[in-house]
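Pasted below: query_16.tsv, TSV, N, CA and C atoms.
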chain	number	residue	atom	x	y	z
A	1	MET	N	-78.91	-44.59	-75.82
A	1	MET	CA	-78.87	-43.61	-74.77
A	1	MET	C	-77.66	-43.92	-73.90
A	2	HIS	N	-76.86	-42.91	-73.61
A	2	HIS	CA	-75.70	-43.04	-72.74
A	2	HIS	C	-75.97	-42.22	-71.48
A	3	THR	N	-75.95	-42.86	-70.32
A	3	THR	CA	-76.09	-42.15	-69.05
A	3	THR	C	-74.87	-42.48	-68.21
A	4	GLY	N	-74.06	-41.48	-67.98
A	4	GLY	CA	-72.82	-41.75	-67.25
A	4	GLY	C	-71.96	-42.68	-68.05
A	5	THR	N	-71.68	-43.85	-67.51
A	5	THR	CA	-70.85	-44.81	-68.22
A	5	THR	C	-71.67	-45.94	-68.82
A	6	ASP	N	-72.99	-45.88	-68.69
A	6	ASP	CA	-73.87	-46.94	-69.20
A	6	ASP	C	-74.45	-46.56	-70.55
A	7	THR	N	-74.59	-47.55	-71.42
A	7	THR	CA	-75.24	-47.37	-72.71
A	7	THR	C	-76.44	-48.29	-72.77
A	8	VAL	N	-77.59	-47.73	-73.13
A	8	VAL	CA	-78.81	-48.52	-73.27
A	8	VAL	C	-79.19	-48.48	-74.75
A	9	ARG	N	-79.25	-49.63	-75.39
A	9	ARG	CA	-79.60	-49.70	-76.81
A	9	ARG	C	-81.11	-49.69	-76.98
A	10	ALA	N	-81.58	-48.83	-77.86
A	10	ALA	CA	-83.01	-48.72	-78.21
A	10	ALA	C	-83.91	-48.68	-76.97
A	11	PRO	N	-83.64	-47.74	-76.05
A	11	PRO	CA	-84.49	-47.67	-74.86
A	11	PRO	C	-85.87	-47.14	-75.22
A	12	SER	N	-86.84	-47.49	-74.42
A	12	SER	CA	-88.17	-46.93	-74.63
A	12	SER	C	-88.16	-45.47	-74.21
A	13	ARG	N	-89.14	-44.74	-74.67
A	13	ARG	CA	-89.28	-43.33	-74.31
A	13	ARG	C	-89.39	-43.20	-72.79
A	14	ASP	N	-90.14	-44.09	-72.15
A	14	ASP	CA	-90.30	-44.06	-70.70
A	14	ASP	C	-88.98	-44.27	-69.98
A	15	THR	N	-88.15	-45.19	-70.49
A	15	THR	CA	-86.85	-45.44	-69.89
A	15	THR	C	-85.98	-44.20	-69.97
A	16	MET	N	-86.00	-43.53	-71.12
A	16	MET	CA	-85.20	-42.32	-71.28
A	16	MET	C	-85.68	-41.23	-70.33
A	17	PHE	N	-86.98	-41.03	-70.24
A	17	PHE	CA	-87.50	-39.99	-69.37
A	17	PHE	C	-87.22	-40.29	-67.90
A	18	ARG	N	-87.28	-41.54	-67.50
A	18	ARG	CA	-86.95	-41.90	-66.10
A	18	ARG	C	-85.49	-41.57	-65.80
A	19	ALA	N	-84.60	-41.89	-66.74
A	19	ALA	CA	-83.17	-41.59	-66.55
A	19	ALA	C	-82.94	-40.09	-66.45
A	20	ILE	N	-83.61	-39.33	-67.29
A	20	ILE	CA	-83.45	-37.87	-67.28
A	20	ILE	C	-84.05	-37.29	-66.01
A	21	GLN	N	-85.22	-37.76	-65.62
A	21	GLN	CA	-85.83	-37.27	-64.38
A	21	GLN	C	-84.98	-37.61	-63.17
A	22	ALA	N	-84.37	-38.79	-63.14
A	22	ALA	CA	-83.50	-39.17	-62.03
A	22	ALA	C	-82.29	-38.24	-61.97
A	23	ALA	N	-81.68	-37.99	-63.12
A	23	ALA	CA	-80.52	-37.11	-63.15
A	23	ALA	C	-80.91	-35.69	-62.75
A	24	THR	N	-82.07	-35.22	-63.23
A	24	THR	CA	-82.54	-33.89	-62.88
A	24	THR	C	-82.80	-33.77	-61.39
A	25	SER	N	-83.41	-34.78	-60.79
A	25	SER	CA	-83.72	-34.73	-59.36
A	25	SER	C	-82.45	-34.78	-58.51
A	26	HIS	N	-81.38	-35.39	-59.02
A	26	HIS	CA	-80.11	-35.43	-58.29
A	26	HIS	C	-79.26	-34.19	-58.58
A	27	GLY	N	-79.68	-33.39	-59.56
A	27	GLY	CA	-78.94	-32.18	-59.89
A	27	GLY	C	-77.58	-32.45	-60.50
A	28	GLN	N	-77.42	-33.61	-61.11
A	28	GLN	CA	-76.18	-33.90	-61.81
A	28	GLN	C	-76.39	-35.05	-62.78
A	29	GLY	N	-75.52	-35.13	-63.76
A	29	GLY	CA	-75.59	-36.23	-64.70
A	29	GLY	C	-75.23	-35.79	-66.10
A	30	GLU	N	-74.77	-36.75	-66.89
A	30	GLU	CA	-74.49	-36.52	-68.31
A	30	GLU	C	-75.24	-37.58	-69.08
A	31	ILE	N	-76.03	-37.13	-70.05
A	31	ILE	CA	-76.86	-38.03	-70.84
A	31	ILE	C	-76.68	-37.68	-72.31
A	32	TRP	N	-76.51	-38.70	-73.13
A	32	TRP	CA	-76.45	-38.52	-74.58
A	32	TRP	C	-77.55	-39.36	-75.21
A	33	LEU	N	-78.34	-38.73	-76.07
A	33	LEU	CA	-79.41	-39.41	-76.81
A	33	LEU	C	-79.08	-39.35	-78.29
A	34	GLU	N	-79.25	-40.46	-78.98
A	34	GLU	CA	-79.05	-40.50	-80.42
A	34	GLU	C	-80.40	-40.74	-81.08
A	35	HIS	N	-80.80	-39.83	-81.96
A	35	HIS	CA	-82.05	-39.96	-82.69
A	35	HIS	C	-81.88	-41.00	-83.79
A	36	ARG	N	-82.92	-41.71	-84.11
A	36	ARG	CA	-82.83	-42.77	-85.12
A	36	ARG	C	-82.41	-42.23	-86.49
A	37	ASP	N	-82.62	-40.93	-86.74
A	37	ASP	CA	-82.23	-40.34	-88.02
A	37	ASP	C	-80.81	-39.77	-88.01
A	38	GLY	N	-80.09	-39.92	-86.88
A	38	GLY	CA	-78.69	-39.52	-86.86
A	38	GLY	C	-78.25	-38.47	-85.86
A	39	PRO	N	-79.02	-37.39	-85.64
A	39	PRO	CA	-78.51	-36.37	-84.71
A	39	PRO	C	-78.44	-36.87	-83.27
A	40	ALA	N	-77.60	-36.18	-82.48
A	40	ALA	CA	-77.43	-36.53	-81.08
A	40	ALA	C	-77.72	-35.31	-80.20
A	41	LEU	N	-78.20	-35.59	-79.00
A	41	LEU	CA	-78.48	-34.55	-78.01
A	41	LEU	C	-77.70	-34.89	-76.76
A	42	GLY	N	-76.87	-33.96	-76.31
A	42	GLY	CA	-76.10	-34.15	-75.09
A	42	GLY	C	-76.60	-33.22	-74.00
A	43	ILE	N	-76.72	-33.74	-72.79
A	43	ILE	CA	-77.21	-32.95	-71.67
A	43	ILE	C	-76.26	-33.17	-70.50
A	44	VAL	N	-75.74	-32.09	-69.94
A	44	VAL	CA	-74.94	-32.16	-68.73
A	44	VAL	C	-75.67	-31.31	-67.70
A	45	LEU	N	-76.10	-31.96	-66.63
A	45	LEU	CA	-76.92	-31.29	-65.62
A	45	LEU	C	-76.09	-30.79	-64.46
A	46	GLY	N	-76.42	-29.56	-64.03
A	46	GLY	CA	-75.93	-29.01	-62.78
A	46	GLY	C	-77.07	-29.07	-61.78
A	47	GLN	N	-76.95	-28.34	-60.69
A	47	GLN	CA	-78.01	-28.35	-59.68
A	47	GLN	C	-79.31	-27.75	-60.20
A	48	THR	N	-79.23	-26.63	-60.93
A	48	THR	CA	-80.44	-25.95	-61.39
A	48	THR	C	-80.43	-25.62	-62.88
A	49	ARG	N	-79.29	-25.83	-63.53
A	49	ARG	CA	-79.16	-25.47	-64.94
A	49	ARG	C	-78.61	-26.65	-65.72
A	50	ALA	N	-78.72	-26.59	-67.04
A	50	ALA	CA	-78.24	-27.68	-67.89
A	50	ALA	C	-77.55	-27.13	-69.13
A	51	MET	N	-76.42	-27.75	-69.47
A	51	MET	CA	-75.76	-27.50	-70.74
A	51	MET	C	-76.36	-28.51	-71.71
A	52	VAL	N	-76.96	-28.01	-72.79
A	52	VAL	CA	-77.62	-28.90	-73.76
A	52	VAL	C	-77.01	-28.66	-75.13
A	53	LEU	N	-76.54	-29.73	-75.76
A	53	LEU	CA	-75.90	-29.68	-77.07
A	53	LEU	C	-76.70	-30.51	-78.06
A	54	ARG	N	-76.80	-30.03	-79.29
A	54	ARG	CA	-77.43	-30.82	-80.35
A	54	ARG	C	-76.45	-30.89	-81.51
A	55	LEU	N	-76.04	-32.10	-81.87
A	55	LEU	CA	-75.07	-32.33	-82.94
A	55	LEU	C	-75.74	-33.07	-84.08
A	56	GLU	N	-75.46	-32.64	-85.29
A	56	GLU	CA	-76.03	-33.29	-86.47
A	56	GLU	C	-75.37	-34.64	-86.72
A	57	GLU	N	-74.05	-34.70	-86.48
A	57	GLU	CA	-73.27	-35.92	-86.71
A	57	GLU	C	-71.96	-35.81	-85.94
A	58	ALA	N	-71.19	-36.88	-85.88
A	58	ALA	CA	-69.89	-36.85	-85.20
A	58	ALA	C	-69.00	-35.79	-85.85
A	59	GLY	N	-68.33	-35.00	-85.02
A	59	GLY	CA	-67.44	-33.96	-85.52
A	59	GLY	C	-68.13	-32.63	-85.79
A	60	ASP	N	-69.46	-32.60	-85.72
A	60	ASP	CA	-70.22	-31.37	-85.94
A	60	ASP	C	-70.03	-30.44	-84.75
A	61	ALA	N	-69.82	-29.14	-85.02
A	61	ALA	CA	-69.73	-28.16	-83.93
A	61	ALA	C	-71.08	-28.05	-83.23
A	62	GLY	N	-72.15	-28.18	-83.98
A	62	GLY	CA	-73.49	-28.22	-83.42
A	62	GLY	C	-74.00	-26.91	-82.87
A	63	TYR	N	-75.00	-27.05	-82.01
A	63	TYR	CA	-75.67	-25.94	-81.35
A	63	TYR	C	-75.70	-26.22	-79.86
A	64	HIS	N	-75.76	-25.17	-79.06
A	64	HIS	CA	-76.05	-25.36	-77.64
A	64	HIS	C	-77.13	-24.37	-77.23
A	65	ALA	N	-77.97	-24.81	-76.29
A	65	ALA	CA	-79.08	-23.99	-75.82
A	65	ALA	C	-78.53	-22.89	-74.92
A	66	VAL	N	-79.05	-21.67	-75.11
A	66	VAL	CA	-78.58	-20.52	-74.34
A	66	VAL	C	-79.75	-19.79	-73.68
A	67	ASP	N	-79.40	-19.02	-72.67
A	67	ASP	CA	-80.37	-18.19	-71.96
A	67	ASP	C	-79.84	-16.77	-72.00
A	68	LEU	N	-80.32	-15.98	-72.95
A	68	LEU	CA	-79.80	-14.64	-73.16
A	68	LEU	C	-80.10	-13.69	-72.01
A	69	THR	N	-81.00	-14.06	-71.11
A	69	THR	CA	-81.32	-13.21	-69.96
A	69	THR	C	-80.46	-13.53	-68.75
A	70	ALA	N	-79.68	-14.60	-68.81
A	70	ALA	CA	-78.87	-15.03	-67.67
A	70	ALA	C	-77.53	-14.30	-67.66
A	71	ALA	N	-76.88	-14.36	-66.51
A	71	ALA	CA	-75.59	-13.70	-66.32
A	71	ALA	C	-74.48	-14.42	-67.08
A	72	PRO	N	-73.48	-13.65	-67.54
A	72	PRO	CA	-72.35	-14.27	-68.24
A	72	PRO	C	-71.30	-14.79	-67.27
A	73	ILE	N	-71.75	-15.35	-66.15
A	73	ILE	CA	-70.87	-15.94	-65.14
A	73	ILE	C	-71.46	-17.28	-64.72
A	74	PRO	N	-70.64	-18.21	-64.25
A	74	PRO	CA	-71.17	-19.51	-63.82
A	74	PRO	C	-71.76	-19.42	-62.40
A	75	SER	N	-72.85	-20.16	-62.18
A	75	SER	CA	-73.44	-20.26	-60.84
A	75	SER	C	-73.59	-21.71	-60.43
A	76	ASP	N	-73.11	-22.62	-61.26
A	76	ASP	CA	-73.32	-24.04	-61.05
A	76	ASP	C	-72.08	-24.80	-61.50
A	77	THR	N	-71.92	-26.04	-61.05
A	77	THR	CA	-70.87	-26.91	-61.56
A	77	THR	C	-71.54	-28.11	-62.22
A	78	TYR	N	-70.83	-28.72	-63.14
A	78	TYR	CA	-71.36	-29.81	-63.96
A	78	TYR	C	-70.35	-30.94	-63.95
A	79	THR	N	-70.75	-32.12	-63.49
A	79	THR	CA	-69.86	-33.26	-63.42
A	79	THR	C	-70.10	-34.17	-64.62
A	80	LEU	N	-69.07	-34.32	-65.43
A	80	LEU	CA	-69.15	-35.18	-66.61
A	80	LEU	C	-69.03	-36.64	-66.19
A	81	SER	N	-69.38	-37.54	-67.10
A	81	SER	CA	-69.36	-38.97	-66.78
A	81	SER	C	-67.96	-39.48	-66.44
A	82	ASN	N	-66.91	-38.78	-66.89
A	82	ASN	CA	-65.54	-39.20	-66.58
A	82	ASN	C	-65.04	-38.61	-65.26
A	83	GLY	N	-65.93	-37.90	-64.55
A	83	GLY	CA	-65.57	-37.31	-63.27
A	83	GLY	C	-65.08	-35.87	-63.35
A	84	GLN	N	-64.81	-35.39	-64.54
A	84	GLN	CA	-64.36	-34.01	-64.72
A	84	GLN	C	-65.47	-33.05	-64.30
A	85	VAL	N	-65.11	-32.01	-63.57
A	85	VAL	CA	-66.08	-31.01	-63.14
A	85	VAL	C	-65.85	-29.74	-63.96
A	86	ASP	N	-66.89	-29.30	-64.64
A	86	ASP	CA	-66.83	-28.11	-65.48
A	86	ASP	C	-67.72	-27.01	-64.92
A	87	GLU	N	-67.45	-25.79	-65.36
A	87	GLU	CA	-68.33	-24.65	-65.11
A	87	GLU	C	-68.63	-24.01	-66.46
A	88	TYR	N	-69.87	-23.59	-66.64
A	88	TYR	CA	-70.28	-22.88	-67.85
A	88	TYR	C	-70.99	-21.62	-67.40
A	89	ASP	N	-70.80	-20.55	-68.15
A	89	ASP	CA	-71.55	-19.33	-67.86
A	89	ASP	C	-73.05	-19.64	-67.92
A	90	ASP	N	-73.81	-19.04	-67.02
A	90	ASP	CA	-75.26	-19.28	-67.03
A	90	ASP	C	-75.87	-18.95	-68.39
A	91	ARG	N	-75.32	-17.98	-69.07
A	91	ARG	CA	-75.84	-17.59	-70.38
A	91	ARG	C	-75.69	-18.73	-71.39
A	92	ASP	N	-74.73	-19.64	-71.17
A	92	ASP	CA	-74.50	-20.76	-72.07
A	92	ASP	C	-75.23	-22.03	-71.64
A	93	THR	N	-76.15	-21.89	-70.69
A	93	THR	CA	-76.94	-23.01	-70.20
A	93	THR	C	-78.41	-22.58	-70.14
A	94	VAL	N	-79.28	-23.52	-69.83
A	94	VAL	CA	-80.70	-23.20	-69.65
A	94	VAL	C	-81.18	-23.75	-68.32
A	95	ASN	N	-82.28	-23.22	-67.83
A	95	ASN	CA	-82.87	-23.73	-66.60
A	95	ASN	C	-83.19	-25.21	-66.79
A	96	ALA	N	-82.88	-26.02	-65.80
A	96	ALA	CA	-83.06	-27.47	-65.91
A	96	ALA	C	-84.51	-27.87	-66.17
A	97	HIS	N	-85.47	-27.01	-65.82
A	97	HIS	CA	-86.88	-27.39	-66.05
A	97	HIS	C	-87.21	-27.47	-67.55
A	98	HIS	N	-86.34	-26.96	-68.41
A	98	HIS	CA	-86.56	-27.06	-69.87
A	98	HIS	C	-86.14	-28.40	-70.45
A	99	VAL	N	-85.36	-29.18	-69.71
A	99	VAL	CA	-84.74	-30.38	-70.27
A	99	VAL	C	-85.76	-31.38	-70.80
A	100	LEU	N	-86.81	-31.66	-70.06
A	100	LEU	CA	-87.77	-32.66	-70.53
A	100	LEU	C	-88.47	-32.21	-71.82
A	101	SER	N	-88.78	-30.93	-71.95
A	101	SER	CA	-89.40	-30.44	-73.19
A	101	SER	C	-88.42	-30.53	-74.36
A	102	ILE	N	-87.16	-30.20	-74.10
A	102	ILE	CA	-86.14	-30.29	-75.15
A	102	ILE	C	-86.00	-31.73	-75.62
A	103	VAL	N	-85.94	-32.66	-74.67
A	103	VAL	CA	-85.79	-34.08	-75.01
A	103	VAL	C	-87.02	-34.61	-75.72
A	104	ASP	N	-88.19	-34.27	-75.24
A	104	ASP	CA	-89.43	-34.74	-75.86
A	104	ASP	C	-89.50	-34.31	-77.32
A	105	HIS	N	-89.18	-33.06	-77.59
A	105	HIS	CA	-89.21	-32.55	-78.96
A	105	HIS	C	-88.13	-33.24	-79.81
A	106	PHE	N	-86.94	-33.40	-79.25
A	106	PHE	CA	-85.86	-34.05	-79.98
A	106	PHE	C	-86.23	-35.48	-80.36
A	107	LEU	N	-86.79	-36.22	-79.41
A	107	LEU	CA	-87.16	-37.62	-79.70
A	107	LEU	C	-88.24	-37.71	-80.77
A	108	ALA	N	-89.16	-36.75	-80.78
A	108	ALA	CA	-90.24	-36.76	-81.76
A	108	ALA	C	-89.79	-36.32	-83.15
A	109	THR	N	-88.84	-35.36	-83.20
A	109	THR	CA	-88.50	-34.74	-84.48
A	109	THR	C	-87.03	-34.82	-84.88
A	110	GLY	N	-86.15	-35.00	-83.91
A	110	GLY	CA	-84.71	-34.92	-84.18
A	110	GLY	C	-84.20	-33.50	-84.24
A	111	GLU	N	-85.08	-32.55	-84.01
A	111	GLU	CA	-84.73	-31.13	-84.15
A	111	GLU	C	-84.61	-30.43	-82.81
A	112	ARG	N	-84.16	-29.17	-82.87
A	112	ARG	CA	-84.05	-28.32	-81.68
A	112	ARG	C	-85.43	-27.79	-81.28
A	113	TRP	N	-85.71	-27.82	-79.99
A	113	TRP	CA	-86.97	-27.28	-79.46
A	113	TRP	C	-86.94	-25.76	-79.55
A	114	THR	N	-88.02	-25.15	-80.02
A	114	THR	CA	-88.06	-23.70	-80.21
A	114	THR	C	-88.40	-22.94	-78.93
A	115	GLY	N	-88.59	-23.64	-77.82
A	115	GLY	CA	-88.88	-22.99	-76.55
A	115	GLY	C	-87.66	-22.38	-75.88
A	116	VAL	N	-86.47	-22.63	-76.43
A	116	VAL	CA	-85.23	-22.01	-75.96
A	116	VAL	C	-84.47	-21.49	-77.18
A	117	VAL	N	-83.51	-20.61	-76.92
A	117	VAL	CA	-82.66	-20.06	-77.98
A	117	VAL	C	-81.46	-21.00	-78.14
A	118	TRP	N	-81.03	-21.20	-79.38
A	118	TRP	CA	-79.88	-22.06	-79.68
A	118	TRP	C	-78.79	-21.25	-80.35
A	119	HIS	N	-77.56	-21.44	-79.90
A	119	HIS	CA	-76.39	-20.78	-80.51
A	119	HIS	C	-75.72	-21.77	-81.45
A	120	ASN	N	-75.44	-21.33	-82.68
A	120	ASN	CA	-74.73	-22.15	-83.66
A	120	ASN	C	-73.25	-22.10	-83.32
A	121	ASP	N	-72.71	-23.19	-82.80
A	121	ASP	CA	-71.31	-23.22	-82.39
A	121	ASP	C	-70.33	-23.27	-83.55
A	122	GLY	N	-70.84	-23.45	-84.76
A	122	GLY	CA	-69.99	-23.45	-85.95
A	122	GLY	C	-69.76	-22.05	-86.50
A	123	GLU	N	-70.42	-21.06	-85.94
A	123	GLU	CA	-70.25	-19.67	-86.36
A	123	GLU	C	-69.44	-18.91	-85.34
A	124	ASP	N	-68.87	-17.77	-85.75
A	124	ASP	CA	-68.15	-16.92	-84.81
A	124	ASP	C	-69.12	-16.42	-83.75
A	125	PRO	N	-68.60	-16.21	-82.51
A	125	PRO	CA	-69.49	-15.77	-81.41
A	125	PRO	C	-70.17	-14.46	-81.65
Write the structure described by the file as C-alpha cells, please.
Amino acid sequence: MHTGTDTVRAPSRDTMFRAIQAATSHGQGEIWLEHRDGPALGIVLGQTRAMVLRLEEAGDAGYHAVDLTAAPIPSDTYTLSNGQVDEYDDRDTVNAHHVLSIVDHFLATGERWTGVVWHNDGEDP
C-alpha cells in the first residue's frame, strides 16, 4: 500500500481502511493498493469526490470509475503525493462515499466493484 510518499508492505485490511478513512476525512490524499494477484487500485481524493483507477498491470491503460449523472466540469481539486494539484471533471470521478466499498471489493476479489460505472481507458472515448 502506498499512501503519499509512504509504502507499507503487506498491511492488514484494518491498516488499509484506517489510511483510507483518514485520507477521506481530510478530503485529500493519494493511495495505491496492490492486490496479491497483480492488479492495482489507485485513489486520489478531493474534498467530496475521488478519482479511482484500476490497472491490471504496469503500463495498462486500465479503467477509471465514472459518474454519468455528474457534470462534465470539475468541482474539486486533487493533490497528488508529489504535490501536483489536478482537476478532473466530476463525470470522471465518483462521490468519495463509494471509496470504501470499492476498496473492500477490490481487496476481496481484485476486481472492479459493480456499484459504480467503470470506463475502459484503453478504448476510444
Just list the residues in chain A DSSP gives strand (DSSP E) on the backbone, as a PyMOL selection string.
chain A and resi 2-3+6-7+29-34+40-45+49-55+63-66+78-79+85-86+94-95+117-120
How would the residues just chosen look if you wrote them out with N, CA and C atoms as a tab-separated table (two decimals), keeping the file's coordinate frame?
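To be explicit, this is the file written out as again_28.tsv:
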chain	number	residue	atom	x	y	z
A	2	HIS	N	-76.86	-42.91	-73.61
A	2	HIS	CA	-75.70	-43.04	-72.74
A	2	HIS	C	-75.97	-42.22	-71.48
A	3	THR	N	-75.95	-42.86	-70.32
A	3	THR	CA	-76.09	-42.15	-69.05
A	3	THR	C	-74.87	-42.48	-68.21
A	6	ASP	N	-72.99	-45.88	-68.69
A	6	ASP	CA	-73.87	-46.94	-69.20
A	6	ASP	C	-74.45	-46.56	-70.55
A	7	THR	N	-74.59	-47.55	-71.42
A	7	THR	CA	-75.24	-47.37	-72.71
A	7	THR	C	-76.44	-48.29	-72.77
A	29	GLY	N	-75.52	-35.13	-63.76
A	29	GLY	CA	-75.59	-36.23	-64.70
A	29	GLY	C	-75.23	-35.79	-66.10
A	30	GLU	N	-74.77	-36.75	-66.89
A	30	GLU	CA	-74.49	-36.52	-68.31
A	30	GLU	C	-75.24	-37.58	-69.08
A	31	ILE	N	-76.03	-37.13	-70.05
A	31	ILE	CA	-76.86	-38.03	-70.84
A	31	ILE	C	-76.68	-37.68	-72.31
A	32	TRP	N	-76.51	-38.70	-73.13
A	32	TRP	CA	-76.45	-38.52	-74.58
A	32	TRP	C	-77.55	-39.36	-75.21
A	33	LEU	N	-78.34	-38.73	-76.07
A	33	LEU	CA	-79.41	-39.41	-76.81
A	33	LEU	C	-79.08	-39.35	-78.29
A	34	GLU	N	-79.25	-40.46	-78.98
A	34	GLU	CA	-79.05	-40.50	-80.42
A	34	GLU	C	-80.40	-40.74	-81.08
A	40	ALA	N	-77.60	-36.18	-82.48
A	40	ALA	CA	-77.43	-36.53	-81.08
A	40	ALA	C	-77.72	-35.31	-80.20
A	41	LEU	N	-78.20	-35.59	-79.00
A	41	LEU	CA	-78.48	-34.55	-78.01
A	41	LEU	C	-77.70	-34.89	-76.76
A	42	GLY	N	-76.87	-33.96	-76.31
A	42	GLY	CA	-76.10	-34.15	-75.09
A	42	GLY	C	-76.60	-33.22	-74.00
A	43	ILE	N	-76.72	-33.74	-72.79
A	43	ILE	CA	-77.21	-32.95	-71.67
A	43	ILE	C	-76.26	-33.17	-70.50
A	44	VAL	N	-75.74	-32.09	-69.94
A	44	VAL	CA	-74.94	-32.16	-68.73
A	44	VAL	C	-75.67	-31.31	-67.70
A	45	LEU	N	-76.10	-31.96	-66.63
A	45	LEU	CA	-76.92	-31.29	-65.62
A	45	LEU	C	-76.09	-30.79	-64.46
A	49	ARG	N	-79.29	-25.83	-63.53
A	49	ARG	CA	-79.16	-25.47	-64.94
A	49	ARG	C	-78.61	-26.65	-65.72
A	50	ALA	N	-78.72	-26.59	-67.04
A	50	ALA	CA	-78.24	-27.68	-67.89
A	50	ALA	C	-77.55	-27.13	-69.13
A	51	MET	N	-76.42	-27.75	-69.47
A	51	MET	CA	-75.76	-27.50	-70.74
A	51	MET	C	-76.36	-28.51	-71.71
A	52	VAL	N	-76.96	-28.01	-72.79
A	52	VAL	CA	-77.62	-28.90	-73.76
A	52	VAL	C	-77.01	-28.66	-75.13
A	53	LEU	N	-76.54	-29.73	-75.76
A	53	LEU	CA	-75.90	-29.68	-77.07
A	53	LEU	C	-76.70	-30.51	-78.06
A	54	ARG	N	-76.80	-30.03	-79.29
A	54	ARG	CA	-77.43	-30.82	-80.35
A	54	ARG	C	-76.45	-30.89	-81.51
A	55	LEU	N	-76.04	-32.10	-81.87
A	55	LEU	CA	-75.07	-32.33	-82.94
A	55	LEU	C	-75.74	-33.07	-84.08
A	63	TYR	N	-75.00	-27.05	-82.01
A	63	TYR	CA	-75.67	-25.94	-81.35
A	63	TYR	C	-75.70	-26.22	-79.86
A	64	HIS	N	-75.76	-25.17	-79.06
A	64	HIS	CA	-76.05	-25.36	-77.64
A	64	HIS	C	-77.13	-24.37	-77.23
A	65	ALA	N	-77.97	-24.81	-76.29
A	65	ALA	CA	-79.08	-23.99	-75.82
A	65	ALA	C	-78.53	-22.89	-74.92
A	66	VAL	N	-79.05	-21.67	-75.11
A	66	VAL	CA	-78.58	-20.52	-74.34
A	66	VAL	C	-79.75	-19.79	-73.68
A	78	TYR	N	-70.83	-28.72	-63.14
A	78	TYR	CA	-71.36	-29.81	-63.96
A	78	TYR	C	-70.35	-30.94	-63.95
A	79	THR	N	-70.75	-32.12	-63.49
A	79	THR	CA	-69.86	-33.26	-63.42
A	79	THR	C	-70.10	-34.17	-64.62
A	85	VAL	N	-65.11	-32.01	-63.57
A	85	VAL	CA	-66.08	-31.01	-63.14
A	85	VAL	C	-65.85	-29.74	-63.96
A	86	ASP	N	-66.89	-29.30	-64.64
A	86	ASP	CA	-66.83	-28.11	-65.48
A	86	ASP	C	-67.72	-27.01	-64.92
A	94	VAL	N	-79.28	-23.52	-69.83
A	94	VAL	CA	-80.70	-23.20	-69.65
A	94	VAL	C	-81.18	-23.75	-68.32
A	95	ASN	N	-82.28	-23.22	-67.83
A	95	ASN	CA	-82.87	-23.73	-66.60
A	95	ASN	C	-83.19	-25.21	-66.79
A	117	VAL	N	-83.51	-20.61	-76.92
A	117	VAL	CA	-82.66	-20.06	-77.98
A	117	VAL	C	-81.46	-21.00	-78.14
A	118	TRP	N	-81.03	-21.20	-79.38
A	118	TRP	CA	-79.88	-22.06	-79.68
A	118	TRP	C	-78.79	-21.25	-80.35
A	119	HIS	N	-77.56	-21.44	-79.90
A	119	HIS	CA	-76.39	-20.78	-80.51
A	119	HIS	C	-75.72	-21.77	-81.45
A	120	ASN	N	-75.44	-21.33	-82.68
A	120	ASN	CA	-74.73	-22.15	-83.66
A	120	ASN	C	-73.25	-22.10	-83.32
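Take the candidates A:Ala61, A:Ala108, A:Leu100, A:Leu45 and check each one against A:Tyr78 using only N, CA and C atoms; the shortest distance goes to A:Leu45.
In this model, the gap between atom C of A:Arg36 and atom CA of A:Val103 comes to 14.5 Å.
Interatomic distance, atom CA of A:Asn82 against atom CA of A:Leu33: 17.2 Å.
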Excluding stretch 47-58 of chain A and residues on its chain fewer than 5 positions from it, collect all residues at most 8 Å away from it, counting only C-alpha atoms, and give them as a PyMOL selection string.
chain A and resi 24+26-28+38-42+63-65+76-77+88+90+92-96+99+112
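One distance worth recording is that between atom CA of A:Val116 and atom CA of A:Gly46, which is 17.6 Å.
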DSSP on the backbone, helix (DSSP H, G or I) only: what residues of chain A does that give? Format it as a PyMOL selection string.
chain A and resi 13-26+90-92+96-109
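Distances from A:Ser81, A:Ser75, A:Gly122, A:Val117 to A:Asp60 were compared using all atoms listed in the file, and the smallest one belongs to A:Gly122.
By only N, CA and C atoms, and with residues fewer than 5 positions from A:Thr79 along its chain excluded, the set lying at most 6 Å from it is Gln28, Gly29, Glu30, Leu45, Gln84, Val85 and Asp86 of chain A.
With distances restricted to only N, CA and C atoms, A:Asp89 is the closest residue to A:Ala70 from A:Asp89, A:Asp104, A:Gly83, A:Gly110.
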Starting from the sparse input, extend stretch 17-22 of chain A to N, CA, C and O atoms and give the output as a PDB file, in the frame of the given file.
ATOM      1  N   PHE A  17     -86.980 -41.030 -70.240  1.00  0.00           N
ATOM      2  CA  PHE A  17     -87.500 -39.990 -69.370  1.00  0.00           C
ATOM      3  C   PHE A  17     -87.220 -40.290 -67.900  1.00  0.00           C
ATOM      4  O   PHE A  17     -86.912 -39.390 -67.127  1.00  0.00           O
ATOM      5  N   ARG A  18     -87.280 -41.540 -67.500  1.00  0.00           N
ATOM      6  CA  ARG A  18     -86.950 -41.900 -66.100  1.00  0.00           C
ATOM      7  C   ARG A  18     -85.490 -41.570 -65.800  1.00  0.00           C
ATOM      8  O   ARG A  18     -85.162 -41.058 -64.729  1.00  0.00           O
ATOM      9  N   ALA A  19     -84.600 -41.890 -66.740  1.00  0.00           N
ATOM     10  CA  ALA A  19     -83.170 -41.590 -66.550  1.00  0.00           C
ATOM     11  C   ALA A  19     -82.940 -40.090 -66.450  1.00  0.00           C
ATOM     12  O   ALA A  19     -82.179 -39.611 -65.601  1.00  0.00           O
ATOM     13  N   ILE A  20     -83.610 -39.330 -67.290  1.00  0.00           N
ATOM     14  CA  ILE A  20     -83.450 -37.870 -67.280  1.00  0.00           C
ATOM     15  C   ILE A  20     -84.050 -37.290 -66.010  1.00  0.00           C
ATOM     16  O   ILE A  20     -83.447 -36.421 -65.365  1.00  0.00           O
ATOM     17  N   GLN A  21     -85.220 -37.760 -65.620  1.00  0.00           N
ATOM     18  CA  GLN A  21     -85.830 -37.270 -64.380  1.00  0.00           C
ATOM     19  C   GLN A  21     -84.980 -37.610 -63.170  1.00  0.00           C
ATOM     20  O   GLN A  21     -84.833 -36.785 -62.260  1.00  0.00           O
ATOM     21  N   ALA A  22     -84.370 -38.790 -63.140  1.00  0.00           N
ATOM     22  CA  ALA A  22     -83.500 -39.170 -62.030  1.00  0.00           C
ATOM     23  C   ALA A  22     -82.290 -38.240 -61.970  1.00  0.00           C
ATOM     24  O   ALA A  22     -81.916 -37.757 -60.895  1.00  0.00           O
TER      25      ALA A  22
END
